[in-house]
file run-v4.csv (CSV, C-alpha atoms)
chain,number,residue,atom,x,y,z
M,11,MET,CA,43.3,-11.3,-2.7
M,12,ARG,CA,41.4,-12.7,-5.6
M,13,ARG,CA,38.1,-12.6,-3.7
M,14,TRP,CA,38.8,-9.0,-2.4
M,15,ARG,CA,39.6,-7.9,-5.9
M,16,LEU,CA,36.2,-9.3,-7.1
M,17,VAL,CA,34.4,-7.6,-4.2
M,18,LEU,CA,36.1,-4.2,-4.5
M,19,GLY,CA,36.1,-3.9,-8.3
M,20,GLY,CA,38.7,-2.2,-10.5
M,21,GLU,CA,38.3,1.3,-8.9
M,22,ALA,CA,39.8,-0.1,-5.7
M,23,ASP,CA,42.5,-2.2,-7.3
M,24,GLY,CA,45.0,-2.0,-4.5
M,25,THR,CA,45.1,-5.8,-4.0
M,26,GLY,CA,47.8,-6.4,-6.5
M,27,CYS,CA,45.7,-9.3,-7.9
M,28,ARG,CA,45.3,-9.5,-11.7
M,29,LEU,CA,42.2,-11.2,-13.0
M,30,THR,CA,42.2,-13.3,-16.0
M,31,GLY,CA,39.9,-15.7,-17.9
M,32,ARG,CA,36.7,-16.6,-16.1
M,33,ASP,CA,37.5,-14.3,-13.2
M,34,ALA,CA,37.9,-11.3,-15.5
M,35,ALA,CA,34.6,-12.1,-17.2
M,36,MET,CA,32.9,-12.4,-13.8
M,37,ASP,CA,34.3,-9.1,-12.8
M,38,GLY,CA,33.0,-7.5,-16.0
M,39,ALA,CA,29.5,-8.8,-15.3
M,40,LEU,CA,29.6,-7.3,-11.8
M,41,ALA,CA,31.0,-4.0,-13.1
M,42,ALA,CA,28.4,-3.7,-15.8
M,43,LEU,CA,25.7,-3.6,-13.0
M,44,TYR,CA,27.4,-2.0,-10.1
M,45,ARG,CA,29.2,0.8,-12.1
M,46,GLY,CA,32.6,0.3,-10.7
M,47,ALA,CA,35.6,0.3,-13.0
M,48,GLY,CA,35.8,-3.0,-14.6
M,49,GLY,CA,38.9,-4.8,-15.9
M,50,ASP,CA,40.0,-6.0,-19.2
M,51,ALA,CA,41.1,-9.6,-20.0
M,52,GLY,CA,44.5,-8.9,-18.4
M,53,GLY,CA,43.1,-7.4,-15.2
M,54,ARG,CA,44.0,-3.8,-16.1
M,55,PRO,CA,41.4,-1.3,-14.9
M,56,GLN,CA,39.3,0.5,-17.5
M,57,SER,CA,36.7,3.2,-17.1
M,58,ARG,CA,33.1,2.1,-17.5
M,59,SER,CA,30.1,4.3,-17.3
M,60,ALA,CA,27.6,3.1,-19.7
M,61,GLY,CA,26.1,0.2,-17.6
M,62,LEU,CA,24.1,-2.2,-19.5
M,63,GLY,CA,22.8,0.4,-21.8
M,64,GLY,CA,19.4,0.1,-23.6
M,65,SER,CA,20.3,-2.7,-25.9
M,66,ALA,CA,18.2,-5.8,-25.5
M,67,PRO,CA,20.8,-8.1,-27.1
M,68,GLN,CA,23.5,-6.7,-24.8
M,69,VAL,CA,21.3,-7.2,-21.7
M,70,ALA,CA,20.3,-10.7,-22.8
M,71,ARG,CA,24.0,-11.6,-23.1
M,72,TRP,CA,24.6,-10.2,-19.6
M,73,LEU,CA,21.7,-12.2,-18.2
M,74,GLY,CA,23.2,-15.3,-19.8
M,75,ASP,CA,26.6,-14.5,-18.3
M,76,ILE,CA,25.5,-14.0,-14.8
M,77,ARG,CA,23.6,-17.3,-14.9
M,78,GLU,CA,26.8,-19.0,-16.0
M,79,TYR,CA,29.0,-17.4,-13.3
M,80,PHE,CA,26.7,-17.2,-10.2
M,81,PRO,CA,24.2,-19.5,-8.3
M,82,THR,CA,20.5,-18.9,-8.8
M,83,THR,CA,19.9,-17.0,-5.6
M,84,VAL,CA,22.7,-14.5,-6.6
M,85,VAL,CA,21.3,-14.2,-10.1
M,86,GLN,CA,17.9,-13.3,-8.8
M,87,LEU,CA,19.4,-10.6,-6.5
M,88,MET,CA,21.4,-9.2,-9.4
M,89,GLN,CA,18.3,-9.1,-11.6
M,90,GLN,CA,16.5,-7.2,-8.8
M,91,ASP,CA,19.3,-4.7,-8.7
M,92,ALA,CA,19.4,-4.3,-12.5
M,93,ILE,CA,15.7,-3.5,-12.4
M,94,SER,CA,16.0,-0.9,-9.7
M,95,ARG,CA,19.4,0.6,-10.7
M,96,LEU,CA,19.4,0.4,-14.5
M,97,GLY,CA,15.8,0.4,-15.6
M,98,LEU,CA,15.8,-3.2,-16.8
M,99,ASP,CA,12.1,-3.3,-16.4
M,100,ARG,CA,11.6,-1.4,-19.6
M,101,LEU,CA,13.4,-4.1,-21.5
M,102,LEU,CA,11.2,-6.8,-19.9
M,103,LEU,CA,8.6,-5.7,-22.4
M,104,GLU,CA,10.5,-7.7,-25.0
M,105,PRO,CA,9.8,-11.5,-25.2
M,106,GLU,CA,13.5,-12.4,-25.8
M,107,MET,CA,14.4,-10.6,-22.6
M,108,LEU,CA,11.8,-12.5,-20.6
M,109,GLU,CA,13.1,-15.8,-21.9
M,110,ALA,CA,16.6,-14.9,-20.6
M,111,VAL,CA,15.8,-14.0,-17.0
M,112,GLU,CA,15.7,-16.3,-14.0
M,113,PRO,CA,12.0,-16.3,-12.8
M,114,ASP,CA,11.4,-15.4,-9.1
M,115,VAL,CA,8.8,-13.7,-6.9
M,116,HIS,CA,10.3,-10.2,-7.4
M,117,LEU,CA,10.3,-10.6,-11.2
M,118,VAL,CA,6.6,-11.6,-11.0
M,119,GLY,CA,5.9,-8.4,-9.1
M,120,THR,CA,7.7,-6.3,-11.7
M,121,LEU,CA,5.8,-8.0,-14.6
M,122,LEU,CA,2.4,-7.5,-12.8
M,123,SER,CA,3.2,-3.8,-12.4
M,124,LEU,CA,4.0,-3.6,-16.1
M,125,LYS,CA,1.2,-5.8,-17.4
M,126,HIS,CA,-0.9,-3.0,-18.9
M,127,ALA,CA,2.2,-1.9,-20.9
M,128,LEU,CA,3.0,-5.4,-22.2
M,129,PRO,CA,2.8,-5.7,-26.0
M,130,GLU,CA,0.7,-8.5,-27.4
M,131,THR,CA,3.9,-10.4,-28.4
M,132,THR,CA,5.1,-10.5,-24.8
M,133,ARG,CA,2.0,-11.3,-22.8
M,134,GLU,CA,2.1,-15.1,-23.4
M,135,THR,CA,5.8,-15.2,-22.4
M,136,ALA,CA,5.1,-13.1,-19.3
M,137,ARG,CA,2.2,-15.5,-18.3
M,138,ALA,CA,4.6,-18.4,-18.8
M,139,VAL,CA,7.2,-16.8,-16.5
M,140,VAL,CA,4.6,-16.1,-13.8
M,141,GLY,CA,3.2,-19.6,-14.2
M,142,LYS,CA,6.6,-21.1,-13.6
M,143,VAL,CA,7.1,-19.2,-10.4
M,144,VAL,CA,3.6,-20.1,-9.2
M,145,ALA,CA,4.1,-23.8,-9.9
M,146,GLU,CA,7.4,-23.8,-7.9
M,147,LEU,CA,5.7,-22.1,-5.0
M,148,GLU,CA,2.8,-24.6,-5.1
M,149,ARG,CA,5.2,-27.5,-5.2
M,150,ARG,CA,7.0,-26.1,-2.1
M,151,LEU,CA,4.0,-25.1,-0.1
M,152,ALA,CA,0.8,-27.0,-1.1
M,153,ASP,CA,1.2,-30.4,0.5
M,154,ARG,CA,2.3,-29.0,3.9
M,155,THR,CA,-0.5,-26.4,3.9
M,156,ARG,CA,-3.1,-29.1,3.2
M,157,ALA,CA,-1.7,-31.4,5.9
M,158,THR,CA,-1.3,-28.8,8.6
M,159,VAL,CA,-4.6,-27.0,8.0
M,160,GLY,CA,-6.5,-30.2,7.4
M,161,GLY,CA,-5.2,-31.6,10.7
M,162,ALA,CA,-6.3,-28.5,12.5
M,163,LEU,CA,-9.8,-28.8,11.0
M,164,ASP,CA,-10.0,-32.4,12.2
M,165,ARG,CA,-8.8,-31.5,15.7
M,166,SER,CA,-11.2,-28.5,15.9
M,167,ALA,CA,-14.1,-31.0,15.4
M,168,LYS,CA,-13.2,-33.3,18.4
M,169,VAL,CA,-16.0,-35.1,20.1
M,170,ASP,CA,-16.5,-36.5,23.7
M,171,ARG,CA,-17.8,-40.0,22.7
M,172,PRO,CA,-15.7,-41.0,19.7
M,173,ARG,CA,-15.7,-44.3,18.1
M,174,HIS,CA,-12.6,-46.4,18.8
M,175,ARG,CA,-11.0,-45.6,15.5
M,176,ASP,CA,-11.6,-41.9,16.0
M,177,ILE,CA,-10.0,-41.7,19.4
M,178,ASP,CA,-7.1,-39.1,19.8
M,179,TRP,CA,-5.0,-41.3,22.1
M,180,ASP,CA,-2.4,-38.5,22.8
M,181,ARG,CA,-5.0,-36.1,24.1
M,182,THR,CA,-6.9,-38.9,25.8
M,183,ILE,CA,-3.9,-40.0,27.8
M,184,ARG,CA,-3.0,-36.4,28.7
M,185,ALA,CA,-6.5,-35.8,30.0
M,186,ASN,CA,-6.5,-38.9,32.1
M,187,LEU,CA,-3.0,-38.8,33.7
M,188,ARG,CA,-4.5,-38.4,37.1
M,189,ASN,CA,-6.0,-41.8,36.7
M,190,TYR,CA,-2.6,-43.5,36.4
M,191,LEU,CA,-2.4,-46.8,38.3
M,192,PRO,CA,1.3,-47.5,39.1
M,193,GLU,CA,0.6,-51.0,40.3
M,194,HIS,CA,-0.8,-51.9,36.9
M,195,GLY,CA,1.4,-49.5,34.8
M,196,THR,CA,-1.6,-48.1,33.0
M,197,VAL,CA,-3.9,-45.1,32.7
M,198,VAL,CA,-7.7,-45.6,33.2
M,199,PRO,CA,-9.3,-43.4,30.4
M,200,GLU,CA,-12.5,-42.1,32.1
M,201,ARG,CA,-12.9,-39.5,29.4
M,202,LEU,CA,-12.2,-40.3,25.8
M,203,ILE,CA,-11.3,-37.5,23.4
M,204,GLY,CA,-11.5,-38.0,19.6
M,205,TYR,CA,-12.2,-36.5,16.2
M,206,ALA,CA,-15.5,-36.2,14.5
M,207,ARG,CA,-15.5,-38.4,11.4
M,208,ALA,CA,-14.4,-36.8,8.2
M,209,GLN,CA,-17.2,-34.7,6.7
M,210,SER,CA,-17.6,-33.0,3.3
M,211,ALA,CA,-19.5,-30.1,4.9
M,212,VAL,CA,-17.7,-26.8,5.2
M,213,LYS,CA,-16.2,-26.4,8.7
M,214,LYS,CA,-14.5,-23.0,8.5
M,215,ASP,CA,-14.7,-19.8,6.4
M,216,VAL,CA,-11.5,-18.1,5.4
M,217,ILE,CA,-11.2,-14.6,4.0
M,218,LEU,CA,-7.9,-13.4,2.7
M,219,CYS,CA,-7.8,-9.6,2.5
M,220,ILE,CA,-4.8,-8.5,0.5
M,221,ASP,CA,-3.2,-5.1,0.2
M,222,GLN,CA,-2.1,-4.7,-3.5
M,223,SER,CA,-0.1,-1.5,-3.1
M,224,GLY,CA,3.2,-1.7,-4.9
M,225,SER,CA,5.3,-2.5,-1.8
M,226,MET,CA,3.3,-5.6,-1.1
M,227,ALA,CA,4.1,-7.4,-4.4
M,228,PRO,CA,5.8,-10.5,-2.9
M,229,SER,CA,3.0,-10.9,-0.4
M,230,VAL,CA,0.4,-10.7,-3.2
M,231,VAL,CA,2.2,-13.5,-5.1
M,232,HIS,CA,2.3,-15.8,-2.1
M,233,SER,CA,-1.3,-14.9,-1.1
M,234,ALA,CA,-2.6,-16.0,-4.5
M,235,VAL,CA,-0.8,-19.4,-4.2
M,236,PHE,CA,-2.1,-19.9,-0.6
M,237,GLY,CA,-5.6,-18.8,-1.6
M,238,ALA,CA,-5.7,-21.4,-4.4
M,239,VAL,CA,-4.4,-24.2,-2.1
M,240,LEU,CA,-7.0,-23.3,0.7
M,241,ALA,CA,-9.8,-23.1,-1.9
M,242,SER,CA,-9.0,-26.6,-3.0
M,243,MET,CA,-9.9,-28.0,0.4
M,244,LYS,CA,-13.6,-28.9,0.5
M,245,THR,CA,-14.0,-28.3,4.2
M,246,LEU,CA,-13.0,-24.6,3.8
M,247,ASP,CA,-14.9,-21.8,2.1
M,248,THR,CA,-12.2,-19.5,1.0
M,249,ARG,CA,-12.6,-16.0,-0.3
M,250,LEU,CA,-9.8,-13.8,-1.7
M,251,VAL,CA,-10.2,-10.0,-1.7
M,252,VAL,CA,-7.6,-7.5,-3.0
M,253,PHE,CA,-7.7,-3.8,-2.4
M,254,ASP,CA,-6.0,-0.5,-2.9
M,255,THR,CA,-8.5,2.5,-2.8
M,256,SER,CA,-11.0,0.1,-4.3
M,257,VAL,CA,-12.0,-3.5,-3.5
M,258,VAL,CA,-12.1,-6.4,-5.9
M,259,ASP,CA,-13.3,-9.9,-5.0
M,260,LEU,CA,-11.3,-12.5,-6.9
M,261,THR,CA,-12.8,-15.6,-5.3
M,262,GLU,CA,-14.2,-16.9,-8.6
M,263,GLN,CA,-10.7,-17.0,-10.1
M,264,LEU,CA,-9.1,-18.9,-7.2
M,265,SER,CA,-8.8,-22.2,-9.2
M,266,ASP,CA,-5.9,-20.6,-11.1
M,267,PRO,CA,-3.5,-18.4,-9.1
M,268,VAL,CA,-2.0,-17.1,-12.3
M,269,ASP,CA,-5.4,-15.6,-13.3
M,270,VAL,CA,-5.6,-14.1,-9.8
M,271,LEU,CA,-2.3,-12.4,-10.2
M,272,PHE,CA,-3.0,-11.0,-13.6
M,273,ALA,CA,-6.3,-9.6,-12.2
M,274,THR,CA,-4.5,-7.6,-9.5
M,275,ARG,CA,-3.4,-4.0,-9.9
M,276,LEU,CA,-0.1,-3.4,-8.1
M,277,GLY,CA,0.4,0.2,-7.0
M,278,GLY,CA,-2.0,3.0,-6.0
M,279,GLY,CA,-3.3,4.0,-2.6
M,280,THR,CA,-4.7,2.1,0.4
M,281,ASP,CA,-8.1,2.0,2.0
M,282,ILE,CA,-8.1,-0.8,4.6
M,283,ASN,CA,-11.3,0.4,6.1
M,284,ARG,CA,-13.2,0.0,2.9
M,285,ALA,CA,-11.7,-3.5,2.3
M,286,LEU,CA,-12.6,-4.6,5.9
M,287,ALA,CA,-16.1,-3.3,5.4
M,288,TYR,CA,-16.5,-5.5,2.4
M,289,CYS,CA,-15.1,-8.5,4.2
M,290,GLN,CA,-17.3,-7.9,7.2
M,291,SER,CA,-20.4,-7.8,4.9
M,292,ARG,CA,-19.5,-11.3,3.7
M,293,ILE,CA,-19.3,-12.9,7.1
M,294,THR,CA,-22.2,-15.2,7.9
M,295,ARG,CA,-20.7,-17.5,10.6
M,296,PRO,CA,-18.5,-15.3,12.8
M,297,ALA,CA,-17.4,-18.0,15.2
M,298,GLU,CA,-16.3,-20.2,12.3
M,299,THR,CA,-14.5,-17.5,10.3
M,300,VAL,CA,-10.9,-16.6,10.0
M,301,VAL,CA,-10.0,-13.2,8.4
M,302,VAL,CA,-6.4,-12.6,7.4
M,303,LEU,CA,-5.5,-9.0,6.6
M,304,ILE,CA,-2.1,-8.8,4.8
M,305,SER,CA,-1.0,-5.2,4.7
M,306,ASP,CA,1.7,-2.8,5.8
M,307,LEU,CA,-1.1,-0.9,7.5
M,308,TYR,CA,-0.4,2.4,5.9
M,309,GLU,CA,-4.0,3.4,5.9
M,310,GLY,CA,-5.3,6.1,3.6
M,311,GLY,CA,-8.9,5.6,4.7
M,312,ILE,CA,-10.6,6.3,8.0
M,313,ARG,CA,-8.4,4.9,10.7
M,314,ASP,CA,-10.9,4.9,13.6
M,315,GLU,CA,-13.5,3.1,11.5
M,316,MET,CA,-10.9,0.5,10.5
M,317,LEU,CA,-10.1,-0.2,14.2
M,318,LYS,CA,-13.8,-0.3,15.1
M,319,ARG,CA,-14.4,-2.9,12.4
M,320,VAL,CA,-11.6,-5.1,13.7
M,321,ALA,CA,-13.0,-4.8,17.2
M,322,ALA,CA,-16.5,-5.7,16.0
M,323,MET,CA,-15.4,-8.7,14.2
M,324,LYS,CA,-13.4,-10.0,17.1
M,325,ALA,CA,-16.3,-9.3,19.5
M,326,ALA,CA,-18.5,-11.5,17.2
M,327,GLY,CA,-16.1,-14.4,17.5
M,328,VAL,CA,-14.0,-13.9,14.2
M,329,GLN,CA,-10.4,-15.1,14.4
M,330,PHE,CA,-8.6,-12.0,13.0
M,331,ILE,CA,-4.9,-12.2,11.8
M,332,ALA,CA,-2.9,-9.1,10.7
M,333,LEU,CA,0.2,-9.9,8.7
M,334,LEU,CA,2.5,-7.1,7.8
M,335,ALA,CA,4.0,-9.2,5.1
M,336,LEU,CA,3.7,-12.8,3.7
M,337,SER,CA,7.1,-13.2,2.1
M,338,ASP,CA,10.7,-14.4,2.7
M,339,GLU,CA,11.9,-10.8,3.0
M,340,GLY,CA,13.4,-9.2,6.1
M,341,ALA,CA,11.6,-7.0,8.5
M,342,PRO,CA,9.0,-5.0,6.5
M,343,ALA,CA,8.3,-1.3,6.7
M,344,TYR,CA,4.9,-0.7,8.3
M,345,ASP,CA,2.8,1.8,10.3
M,346,HIS,CA,3.8,1.2,13.9
M,347,ALA,CA,0.9,3.2,15.4
M,348,HIS,CA,-1.7,1.1,13.6
M,349,ALA,CA,0.1,-2.1,14.5
M,350,ALA,CA,0.1,-1.1,18.1
M,351,ALA,CA,-3.6,-0.3,18.0
M,352,LEU,CA,-4.4,-3.7,16.5
M,353,ALA,CA,-2.3,-5.4,19.2
M,354,ALA,CA,-4.3,-3.5,21.8
M,355,LEU,CA,-7.5,-5.1,20.3
M,356,GLY,CA,-6.0,-8.5,20.7
M,357,ALA,CA,-4.9,-8.8,17.0
M,358,PRO,CA,-1.1,-8.6,17.0
M,359,ALA,CA,0.4,-7.6,13.7
M,360,PHE,CA,3.6,-9.4,12.6
M,361,ALA,CA,5.4,-10.5,9.5
M,362,CYS,CA,5.1,-14.1,8.4
M,363,THR,CA,7.2,-16.3,6.0
M,364,PRO,CA,5.4,-18.6,3.6
M,365,ASP,CA,6.7,-21.6,5.5
M,366,ALA,CA,5.2,-20.4,8.7
M,367,PHE,CA,1.8,-19.5,7.3
M,368,PRO,CA,0.2,-23.0,7.6
M,369,ASP,CA,1.0,-23.1,11.3
M,370,ILE,CA,-0.5,-19.6,11.7
M,371,MET,CA,-3.7,-20.8,10.0
M,372,ALA,CA,-3.8,-24.0,12.0
M,373,ALA,CA,-3.6,-22.1,15.2
M,374,ALA,CA,-6.4,-19.7,14.1
M,375,ILE,CA,-8.7,-22.6,13.1
M,376,GLU,CA,-8.2,-24.3,16.5
M,377,LYS,CA,-8.5,-21.0,18.3
M,378,ARG,CA,-5.1,-21.3,19.9
M,379,PRO,CA,-2.7,-18.4,20.5
M,380,LEU,CA,-1.0,-17.5,17.3
M,381,PRO,CA,2.7,-18.6,17.1
M,382,VAL,CA,4.0,-15.1,16.6
M,383,PRO,CA,7.6,-15.2,15.4
M,384,ASP,CA,10.1,-13.7,17.9
M,385,GLY,CA,11.0,-10.1,17.2
M,386,ARG,CA,8.2,-9.5,14.8

call {"tool": "encode", "arguments": {"input": "run-v4.csv", "output": "structure tokens"}}
result
Amino acid sequence: MRRWRLVLGGEADGTGCRLTGRDAAMDGALAALYRGAGGDAGGRPQSRSAGLGGSAPQVARWLGDIREYFPTTVVQLMQQDAISRLGLDRLLLEPEMLEAVEPDVHLVGTLLSLKHALPETTRETARAVVGKVVAELERRLADRTRATVGGALDRSAKVDRPRHRDIDWDRTIRANLRNYLPEHGTVVPERLIGYARAQSAVKKDVILCIDQSGSMAPSVVHSAVFGAVLASMKTLDTRLVVFDTSVVDLTEQLSDPVDVLFATRLGGGTDINRALAYCQSRITRPAETVVVLISDLYEGGIRDEMLKRVAAMKAAGVQFIALLALSDEGAPAYDHAHAAALAALGAPAFACTPDAFPDIMAAAIEKRPLPVPDGR
């Protein structure tokens, strides 16, 4: 009954359960956001209609309360709801408010959309908040990305006459199973398969083409982190391009993903054709190039030209990946007709979580079928 009372709020107080102490305070924090009838310290319903109001000190206290009562994942969800339901984004322009919030990817997206309105006193705090989220994403994703993509680069450079220390024994045994001698319990390796020795030369070119329309904010954040990680690998030549109705090449800023994010401009229209035209003009080694388009495919440009460019790149040998989203969100909204048209060209469009992205890139580098998630 206690849990039902907290779920239903004071307006549906038919549970007969009276909230006191910490439970009453928790109920008040929920009521302040979700506009139900809260309860007083004795659990008695009371009308509430003012929400969090426009007072920064009041909101800061509320932010502190929810961090005390709820786990981090719930706090982040409540902050998102406060931004969308109560206009909390206006108060994020004040530095004391930014210091009170729990940083996450969605908050970064909100800050980036507000960056031109940030007063001077708030900009450094906002940058610190964005930097904290980026650092956490790098900690979570960087090592696995380098290991997975680096392994794919090594495997893509296999040779037929490897030195002993460069032999890929797993592939060699598989390739020579027909030469198994049961009487000796061994396989005769007529053909050796191995890796080329590590080289400092660039082996693959990667172009990340990122839709920076407002709905793509979480994908933009993750793309900036992955772009910085890939750019740190000497055997990859990584380019990062963001677009709406215009195209901006942010490759020179890839050493700092926070700089990349503050150089983006969330919102506006979408011209995928123009962005792909720019990317296509930067391809010099089609057979060694991977192009990753991250977009919901709501095209405001010339649809037929967009599809022709994708077809031309694939015909030239480019590995083309279309991601509807690069985030931990659920199934994204996207243009189904354009996704079907890309699939017909051999470029299936699907959503991808950040944890799955290294495997997608490894498959593209090795020119294997992409591990498309089920149901995407």

call {"tool": "closest_residue", "arguments": {"input": "run-v4.csv", "among": "M:Ala92, M:Ala110, M:Val230, M:Leu286", "to": "Val270 (chain M)", "atoms": "all atoms listed in the file"}}
result
M:Val230

call {"tool": "residues_around", "arguments": {"input": "run-v4.csv", "residues": "Gly277 (chain M)", "least_positions_apart": "3", "cutoff": "8 Å", "atoms": "all atoms listed in the file", "output": "list in words"}}
result
Ser123, Gln222, Ser223, Gly224, Ser225 and Asp254 of chain M

call {"tool": "write_last_selection", "arguments": {"input": "run-v4.csv", "atoms": "C-alpha atoms", "output": "compact mmCIF listing (two decimals), keeping the file's coordinate frame"}}
result
# COMPACT_ATOMS: atom_id res chain seq x y z
CA SER M 123 3.20 -3.80 -12.40
CA GLN M 222 -2.10 -4.70 -3.50
CA SER M 223 -0.10 -1.50 -3.10
CA GLY M 224 3.20 -1.70 -4.90
CA SER M 225 5.30 -2.50 -1.80
CA ASP M 254 -6.00 -0.50 -2.90

call {"tool": "atom_distance", "arguments": {"input": "run-v4.csv", "atom1": "CA of Val252 (chain M)", "atom2": "CA of Cys219 (chain M)"}}
result
5.9 Å

call {"tool": "atom_distance", "arguments": {"input": "run-v4.csv", "atom1": "CA of Ala322 (chain M)", "atom2": "CA of Ala366 (chain M)"}}
result
27.2 Å

call {"tool": "closest_residue", "arguments": {"input": "run-v4.csv", "among": "M:Ile375, M:Met316, M:Glu200, M:Thr245", "to": "Arg188 (chain M)", "atoms": "all atoms listed in the file"}}
result
M:Glu200

call {"tool": "residues_near_point", "arguments": {"input": "run-v4.csv", "point": "(-2.3, -9.6, 8.9)", "cutoff": "10 Å", "atoms": "all atoms listed in the file", "output": "VMD selection string"}}
result
chain M and resid 218 to 221 301 to 307 330 to 336 349 352 357 to 362

call {"tool": "atom_distance", "arguments": {"input": "run-v4.csv", "atom1": "CA of Val69 (chain M)", "atom2": "CA of Glu339 (chain M)"}}
result
26.7 Å

call {"tool": "residues_around", "arguments": {"input": "run-v4.csv", "residues": "Leu128 (chain M)", "least_positions_apart": "6", "cutoff": "10 Å", "atoms": "only C-alpha atoms", "output": "ChimeraX atom specification"}}
result
/M:100,102-105,121-122,134,136

call {"tool": "residues_around", "arguments": {"input": "run-v4.csv", "residues": "Val159 (chain M)", "least_positions_apart": "5", "cutoff": "8 Å", "atoms": "all atoms listed in the file", "output": "PDB file with C-alpha atoms, in the coordinates of the input"}}
result
ATOM      1  CA  PRO M 368       0.200 -23.000   7.600  1.00  0.00           C
ATOM      2  CA  ASP M 369       1.000 -23.100  11.300  1.00  0.00           C
ATOM      3  CA  MET M 371      -3.700 -20.800  10.000  1.00  0.00           C
ATOM      4  CA  ALA M 372      -3.800 -24.000  12.000  1.00  0.00           C
ATOM      5  CA  ILE M 375      -8.700 -22.600  13.100  1.00  0.00           C
TER       6      ILE M 375
END

call {"tool": "closest_residue", "arguments": {"input": "run-v4.csv", "among": "M:Thr274, M:Thr255, M:Thr158, M:Thr280", "to": "Glu376 (chain M)", "atoms": "all atoms listed in the file"}}
result
M:Thr158

call {"tool": "closest_residue", "arguments": {"input": "run-v4.csv", "among": "M:Ala39, M:Ala347, M:Ala297, M:Cys27", "to": "Asp75 (chain M)", "atoms": "all atoms listed in the file"}}
result
M:Ala39

call {"tool": "residues_around", "arguments": {"input": "run-v4.csv", "residues": "His232 (chain M)", "least_positions_apart": "6", "cutoff": "8 Å", "atoms": "only C-alpha atoms", "output": "list in words"}}
result
Leu147, Leu336, Ser337 and Pro364 of chain M

call {"tool": "closest_atom_pairs", "arguments": {"input": "run-v4.csv", "of": "region 208-302 of chain M", "to": "region 323-328 of chain M", "cutoff": "8 Å", "atoms": "all atoms listed in the file", "output": "JSON lines"}}
result
{"residue": "M:Gln290", "atom": "CA", "partner": "M:Met323", "partner_atom": "CA", "distance": 7.3}
{"residue": "M:Pro296", "atom": "CA", "partner": "M:Val328", "partner_atom": "CA", "distance": 4.9}
{"residue": "M:Ala297", "atom": "CA", "partner": "M:Gly327", "partner_atom": "CA", "distance": 4.5}
{"residue": "M:Glu298", "atom": "CA", "partner": "M:Val328", "partner_atom": "CA", "distance": 7.0}
{"residue": "M:Thr299", "atom": "CA", "partner": "M:Val328", "partner_atom": "CA", "distance": 5.3}
{"residue": "M:Val300", "atom": "CA", "partner": "M:Val328", "partner_atom": "CA", "distance": 5.9}
{"residue": "M:Val301", "atom": "CA", "partner": "M:Val328", "partner_atom": "CA", "distance": 7.1}

call {"tool": "residues_around", "arguments": {"input": "run-v4.csv", "residues": "Ile312 (chain M)", "least_positions_apart": "5", "cutoff": "10 Å", "atoms": "all atoms listed in the file", "output": "list in words"}}
result
Asp281, Ile282, Asn283, Arg284 and Leu317 of chain M

call {"tool": "closest_residue", "arguments": {"input": "run-v4.csv", "among": "M:Pro129, M:Glu309, M:Lys318, M:Val239", "to": "His348 (chain M)", "atoms": "all atoms listed in the file"}}
result
M:Glu309

call {"tool": "closest_residue", "arguments": {"input": "run-v4.csv", "among": "M:Arg378, M:His126, M:Arg313, M:Arg156", "to": "Leu240 (chain M)", "atoms": "all atoms listed in the file"}}
result
M:Arg156

call {"tool": "residues_near_point", "arguments": {"input": "run-v4.csv", "point": "(1.3, -17.9, -4.1)", "cutoff": "7 Å", "atoms": "all atoms listed in the file", "output": "PyMOL selection string"}}
result
chain M and resi 144+147-148+231-236+267

call {"tool": "write_last_selection", "arguments": {"input": "run-v4.csv", "atoms": "C-alpha atoms", "output": "short mmCIF file (atom, residue, chain, number, x, y, z; two decimals), keeping the file's coordinate frame"}}
result
data_model
loop_
_atom_site.label_atom_id
_atom_site.label_comp_id
_atom_site.auth_asym_id
_atom_site.auth_seq_id
_atom_site.Cartn_x
_atom_site.Cartn_y
_atom_site.Cartn_z
CA VAL M 144 3.60 -20.10 -9.20
CA LEU M 147 5.70 -22.10 -5.00
CA GLU M 148 2.80 -24.60 -5.10
CA VAL M 231 2.20 -13.50 -5.10
CA HIS M 232 2.30 -15.80 -2.10
CA SER M 233 -1.30 -14.90 -1.10
CA ALA M 234 -2.60 -16.00 -4.50
CA VAL M 235 -0.80 -19.40 -4.20
CA PHE M 236 -2.10 -19.90 -0.60
CA PRO M 267 -3.50 -18.40 -9.10
#
